[in-house]
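Q: Quick one, structure.txt (compact mmCIF, C-alpha atoms):
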# COMPACT_ATOMS: atom_id res chain seq x y z
CA MET A 1 0.00 0.00 0.00
CA PRO A 2 1.49 3.37 -0.93
CA TRP A 3 1.72 6.17 1.63
CA GLU A 4 0.20 9.42 0.42
CA PRO A 5 2.19 12.65 0.91
CA PHE A 6 1.32 14.53 4.10
CA GLN A 7 0.70 18.23 3.77
CA THR A 8 0.64 20.72 6.60
CA GLY A 9 0.55 24.42 5.94
CA ASP A 10 2.86 25.09 3.00
CA GLN A 11 5.00 21.97 3.64
CA THR A 12 4.58 18.61 1.94
CA PHE A 13 6.26 15.50 3.35
CA ASP A 14 6.81 12.62 0.93
CA LEU A 15 6.16 9.28 2.66
CA SER A 16 6.78 7.06 -0.38
CA HIS A 17 10.05 5.77 1.10
CA LEU A 18 7.81 3.84 3.52
CA ASP A 19 5.72 2.11 0.85
CA ASP A 20 5.40 -1.68 1.17
CA ARG A 21 8.05 -3.62 -0.70
CA ILE A 22 9.63 -7.04 -0.98
CA ILE A 23 13.27 -7.62 -0.16
CA THR A 24 15.35 -10.75 -0.58
CA VAL A 25 17.86 -12.22 1.85
CA ARG A 26 20.24 -15.06 1.01
CA VAL A 27 20.11 -17.78 3.69
CA GLY A 28 22.49 -20.60 2.91
CA ASP A 29 21.85 -21.50 -0.72
CA ALA A 30 18.28 -20.14 -0.84
CA ASP A 31 16.82 -16.69 -1.42
CA VAL A 32 14.12 -15.75 1.11
CA SER A 33 11.62 -13.06 0.15
CA ILE A 34 10.40 -10.76 2.93
CA PHE A 35 7.37 -8.47 2.67
CA VAL A 36 8.21 -5.19 4.47
CA THR A 37 5.58 -2.80 5.83
CA PHE A 38 5.92 0.37 7.90
CA SER A 39 3.65 1.69 10.66
CA ASP A 40 2.68 5.34 10.97
CA HIS A 41 4.61 5.26 14.26
CA CYS A 42 7.69 5.78 12.08
CA PHE A 43 6.68 9.44 11.61
CA THR A 44 4.09 10.18 14.32
CA ALA A 45 4.28 10.67 18.07
CA ASP A 46 1.91 10.84 21.01
CA PRO A 47 0.76 14.39 21.76
CA GLU A 48 2.55 16.50 24.33
CA PRO A 49 0.82 19.06 26.55
CA ASP A 50 -0.36 22.02 24.43
CA ASP A 51 0.94 20.24 21.31
CA LYS A 52 0.73 22.42 18.19
CA ARG A 53 1.98 19.74 15.79
CA PRO A 54 -0.58 18.71 13.18
CA VAL A 55 -2.74 15.64 13.78
CA PHE A 56 -1.98 12.85 11.31
CA PRO A 57 -5.34 11.71 9.88
CA GLY A 58 -6.11 8.02 10.33
CA CYS A 59 -3.20 7.57 12.75
CA SER A 60 -3.08 4.32 14.70
CA ARG A 61 -2.19 6.37 17.80
CA LYS A 62 -4.94 8.15 19.69
CA ASP A 63 -4.48 11.78 18.66
CA GLY A 64 -1.21 10.96 16.86
CA ARG A 65 0.83 13.98 15.81
CA PHE A 66 3.05 14.27 12.75
CA CYS A 67 6.61 14.46 14.10
CA THR A 68 9.31 16.03 11.93
CA LYS A 69 12.08 14.44 14.04
CA ARG A 70 10.68 10.94 13.49
CA TYR A 71 10.05 11.76 9.84
CA ALA A 72 13.73 12.76 9.45
CA ALA A 73 14.76 9.49 11.13
CA SER A 74 12.45 7.57 8.77
CA LEU A 75 14.41 8.89 5.79
CA GLU A 76 17.44 6.95 7.12
CA MET A 77 15.57 3.68 7.77
CA TRP A 78 16.26 1.79 4.54
CA GLY A 79 20.00 2.36 4.81
CA CYS A 80 19.96 1.11 8.41
CA ILE A 81 17.82 -1.92 7.56
CA GLU A 82 20.01 -2.86 4.59
CA ARG A 83 23.15 -2.70 6.77
CA ALA A 84 21.44 -4.82 9.42
CA MET A 85 20.46 -7.41 6.80
CA ARG A 86 24.18 -7.90 6.14
CA GLY A 87 25.01 -7.92 9.86
CA LYS A 88 23.23 -8.20 13.18
CA VAL A 89 20.10 -6.99 14.93
CA TRP A 90 19.53 -6.62 18.65
CA MET A 91 16.71 -8.42 20.39
CA GLY A 92 14.15 -6.20 22.08
CA GLN A 93 11.16 -6.93 24.27
CA GLY A 94 8.56 -9.46 23.19
CA ASP A 95 8.65 -10.18 19.47
CA ARG A 96 10.65 -7.05 18.68
CA TYR A 97 14.04 -6.86 17.06
CA LEU A 98 15.99 -3.66 16.99
CA VAL A 99 18.18 -2.27 14.25
CA ILE A 100 20.53 0.05 16.05
CA THR A 101 23.02 2.39 14.43
CA VAL A 102 25.44 3.81 16.98
CA ASP A 103 27.26 6.42 14.90
CA LEU A 104 25.05 9.48 15.38
CA GLY A 105 27.28 11.04 18.06
CA GLU A 106 26.29 13.11 21.10
CA GLY A 107 24.79 10.08 22.87
CA ARG A 108 22.25 9.53 20.07
CA HIS A 109 21.43 6.22 18.45
CA HIS A 110 19.02 5.42 15.63
CA VAL A 111 16.65 2.71 16.87
CA ILE A 112 14.28 0.89 14.51
CA SER A 113 11.85 -1.57 16.08
CA LEU A 114 10.57 -4.39 13.87
CA SER A 115 9.07 -7.84 14.05
CA LEU A 116 9.66 -10.78 11.74
CA GLU A 117 7.16 -13.60 11.28
CA LYS A 118 5.97 -16.17 8.77
CA LEU A 119 3.64 -14.74 6.16
CA LYS A 120 0.53 -16.53 4.98
CA GLY A 121 -1.63 -15.72 2.00
CA ARG A 122 1.06 -14.32 -0.31
CA ALA A 123 2.95 -16.29 -2.91
CA ASP A 124 5.63 -13.63 -3.40
CA ALA A 125 7.09 -13.64 0.14
CA LYS A 126 7.71 -16.14 2.93
CA LEU A 127 8.17 -13.71 5.83
CA TRP A 128 6.65 -10.44 6.98
CA MET A 129 8.81 -7.70 8.46
CA ARG A 130 6.68 -5.11 10.23
CA VAL A 131 8.68 -1.98 10.92
CA ARG A 132 6.81 -0.70 13.92
CA THR A 133 8.66 2.51 14.77
CA GLY A 134 11.92 4.34 14.43
CA PHE A 135 13.46 7.20 16.36
CA HIS A 136 16.70 8.77 17.47
CA ARG A 137 17.36 7.51 20.98
CA THR A 138 19.07 9.78 23.47
CA ASP A 139 20.39 8.94 26.92
CA ASP A 140 17.07 9.93 28.51
CA LYS A 141 15.11 7.32 26.52
CA HIS A 142 15.60 3.78 27.86
CA VAL A 143 15.58 0.94 25.34
CA ALA A 144 16.22 -2.58 26.68
CA THR A 145 18.16 -5.10 24.61
CA TYR A 146 18.58 -8.84 25.24
CA GLY A 147 21.47 -9.91 23.04
CA GLU A 148 22.06 -9.80 19.31
CA VAL A 149 21.71 -12.19 16.39
CA ARG A 150 22.91 -12.22 12.80
CA PHE A 151 19.99 -11.24 10.59
CA VAL A 152 20.37 -14.24 8.27
CA ASN A 153 20.32 -16.56 11.30
CA LEU A 154 17.17 -14.84 12.56
CA VAL A 155 15.51 -15.36 9.16
CA GLY A 156 16.50 -19.04 9.17
CA LEU A 157 15.13 -19.53 12.69
CA VAL A 158 11.82 -17.78 11.93
CA LEU A 159 11.38 -19.95 8.83
CA LYS A 160 11.69 -22.99 11.12
CA GLY A 161 9.20 -21.54 13.62
CA LYS A 162 11.91 -20.86 16.21
CA LEU A 163 13.29 -17.78 17.91
CA PRO A 164 16.80 -17.00 19.13
CA PRO A 165 17.30 -17.15 22.90
CA ARG A 166 17.23 -13.82 24.71
CA ILE A 167 19.85 -13.00 27.31
CA TYR A 168 18.46 -11.57 30.55
CA ALA A 169 21.64 -11.51 32.68
CA GLN A 170 22.34 -8.16 34.34
CA ASN A 171 25.85 -8.05 32.85
CA ARG A 172 24.73 -8.74 29.25
CA ARG A 173 26.34 -6.80 26.42
CA THR A 174 24.39 -3.76 25.20
CA PRO A 175 24.80 -1.43 22.21
CA TRP A 176 25.36 1.55 24.50
Would you mind writing the structure in this file as structure tokens?
A:
Amino acid sequence: MPWEPFQTGDQTFDLSHLDDRIITVRVGDADVSIFVTFSDHCFTADPEPDDKRPVFPGCSRKDGRFCTKRYAASLEMWGCIERAMRGKVWMGQGDRYLVITVDLGEGRHHVISLSLEKLKGRADAKLWMRVRTGFHRTDDKHVATYGEVRFVNLVGLVLKGKLPPRIYAQNRRTPW
């Protein structure tokens, strides 16, 4: 499904970089197709007191506001996801996996939260990657991680109906 441009005042924000698409990952000697979708949480935020930001129509958040900071971060998402597909992702809470880029400086990290699951009802893809949100994390925003896994290994495990083990030890390695 294509995202329509969002217009507020005299500004137009192109959201087409978040249109659904299919990517392919090589796992062993097989190509695995993954259907990728993006949530409006990638460019909206919950309202703040006396929030003057425009409401995003049809937002999945209650009173979701268009957020230019999250929108700017969303423009970087594909590059981050493509690097992660060739490397590792961090495990987050529940079914979430986190693509984390740690080179933003000043204590900032780009965090992209996604889930990966088997996909039914489509012949063109075996898995579904739902990119749930993305933002620039600062030291005041806590994001828990529970170990990391190579992306191709994660894909292989999900295809088998398995998940990688999460590490809950207090002294576990973290990206920050």
Q: My list of candidates is A:Thr12, A:Thr44, A:Thr37, A:Thr101. Which is closest to Glu76 (chain A) when distances are computed with only C-alpha atoms?
A: A:Thr101
Q: Restricting the calculation to only C-alpha atoms: of A:Leu157, A:Leu18, A:Ile34, A:Leu127, which residue gets closest to Met77 (chain A)?
A: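 Nearest candidate to Met77 (chain A) out of A:Leu157, A:Leu18, A:Ile34, A:Leu127: A:Leu18.
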Q: Please report the interatomic distance between CA of Lys118 (chain A) and CA of Met91 (chain A) in Å with one decimal.
A: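 Pair CA of Lys118 (chain A) / CA of Met91 (chain A) returns 17.6 Å.
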Q: Which polymer residues have any atom within 12 Å of an atom of Lys52 (chain A), counting all atoms listed in the file, with same-chain residues fewer than 5 positions away left out, as a CSV table (one decimal) with C-alpha atoms, keeping the file's coordinate frame?
A:
chain,number,residue,atom,x,y,z
A,8,THR,CA,0.6,20.7,6.6
A,46,ASP,CA,1.9,10.8,21.0
A,47,PRO,CA,0.8,14.4,21.8
A,63,ASP,CA,-4.5,11.8,18.7
A,64,GLY,CA,-1.2,11.0,16.9
A,65,ARG,CA,0.8,14.0,15.8
A,66,PHE,CA,3.0,14.3,12.8
A,67,CYS,CA,6.6,14.5,14.1
Q: Which polymer residues have any atom within 6 Å of an atom of region 86-90 of chain A, counting only C-alpha atoms, with same-chain residues fewer than 4 positions away left out, as a list in words?
A: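 Result of the neighbour search: Tyr97, Leu98, Val99, Gly147, Glu148, Val149, Arg150 and Phe151 of chain A.
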Q: Would you mind telling me which residue in A:Ser33, A:Ser39, A:Thr133, A:Gln11 lies nearest to Ala73 (chain A) when using all atoms listed in the file?
A: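 Closest residue, counting all atoms listed in the file: A:Thr133.
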Q: Name all residues at most 8 Å from Ser16 (chain A) (count only C-alpha atoms; drop same-chain ones fewer than 4 positions away) and give them as a PDB file with C-alpha atoms, keeping the file's coordinate frame.
A:
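That gives us around00.pdb:
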ATOM      1  CA  PRO A   2       1.490   3.370  -0.930  1.00  0.00           C
ATOM      2  CA  TRP A   3       1.720   6.170   1.630  1.00  0.00           C
ATOM      3  CA  GLU A   4       0.200   9.420   0.420  1.00  0.00           C
ATOM      4  CA  PRO A   5       2.190  12.650   0.910  1.00  0.00           C
TER       5      PRO A   5
END
Q: Distance CA of Asp139 (chain A)-CA of His109 (chain A), one decimal place?
A: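 Taking CA of Asp139 (chain A) as the start and CA of His109 (chain A) as the end point, the length is 9.0 Å.
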Q: To one decimal in Å, tell me the separation between CA of Lys62 (chain A) and CA of Gly92 (chain A).
A: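 CA of Lys62 (chain A) sits 24.0 Å away from CA of Gly92 (chain A).
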Q: Have a look at A:Lys69, A:Arg53, A:Lys162, A:Arg21 and name the one nearest to Phe135 (chain A); count all atoms listed in the file.
A: A:Lys69
Q: Between A:Asp40, A:Thr24, A:Val155, A:Asp95, which residue has the minimum interatomic distance to Gly58 (chain A), considering only C-alpha atoms?
A: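 So, comparing all the options, the nearest one is A:Asp40.
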Q: Find, counting all atoms listed in the file, the residue in A:Ile23, A:Ala84, A:Val111, A:Val36 that gets nearest to Arg137 (chain A).
A: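 Answer, going by the shortest atom-to-atom distance: A:Val111.
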Q: Mind checking which residues fall within 7 Å of Leu116 (chain A), counting all atoms listed in the file, ignoring those fewer than 3 positions away in the same chain, and posting them as a compact mmCIF listing (two decimals) with C-alpha atoms, in the frame of the given file?
A:
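So selection.txt came out as:
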# COMPACT_ATOMS: atom_id res chain seq x y z
CA LEU A 127 8.17 -13.71 5.83
CA TRP A 128 6.65 -10.44 6.98
CA MET A 129 8.81 -7.70 8.46
CA ARG A 130 6.68 -5.11 10.23
Q: In file coordinates, which residues lie within 8 Å of (15.2, -14.7, 22.3) using only C-alpha atoms, given as a list in words?
A: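 Output of the proximity query reads Met91, Tyr146, Gly147, Leu163, Pro164, Pro165, Arg166 and Ile167 of chain A.
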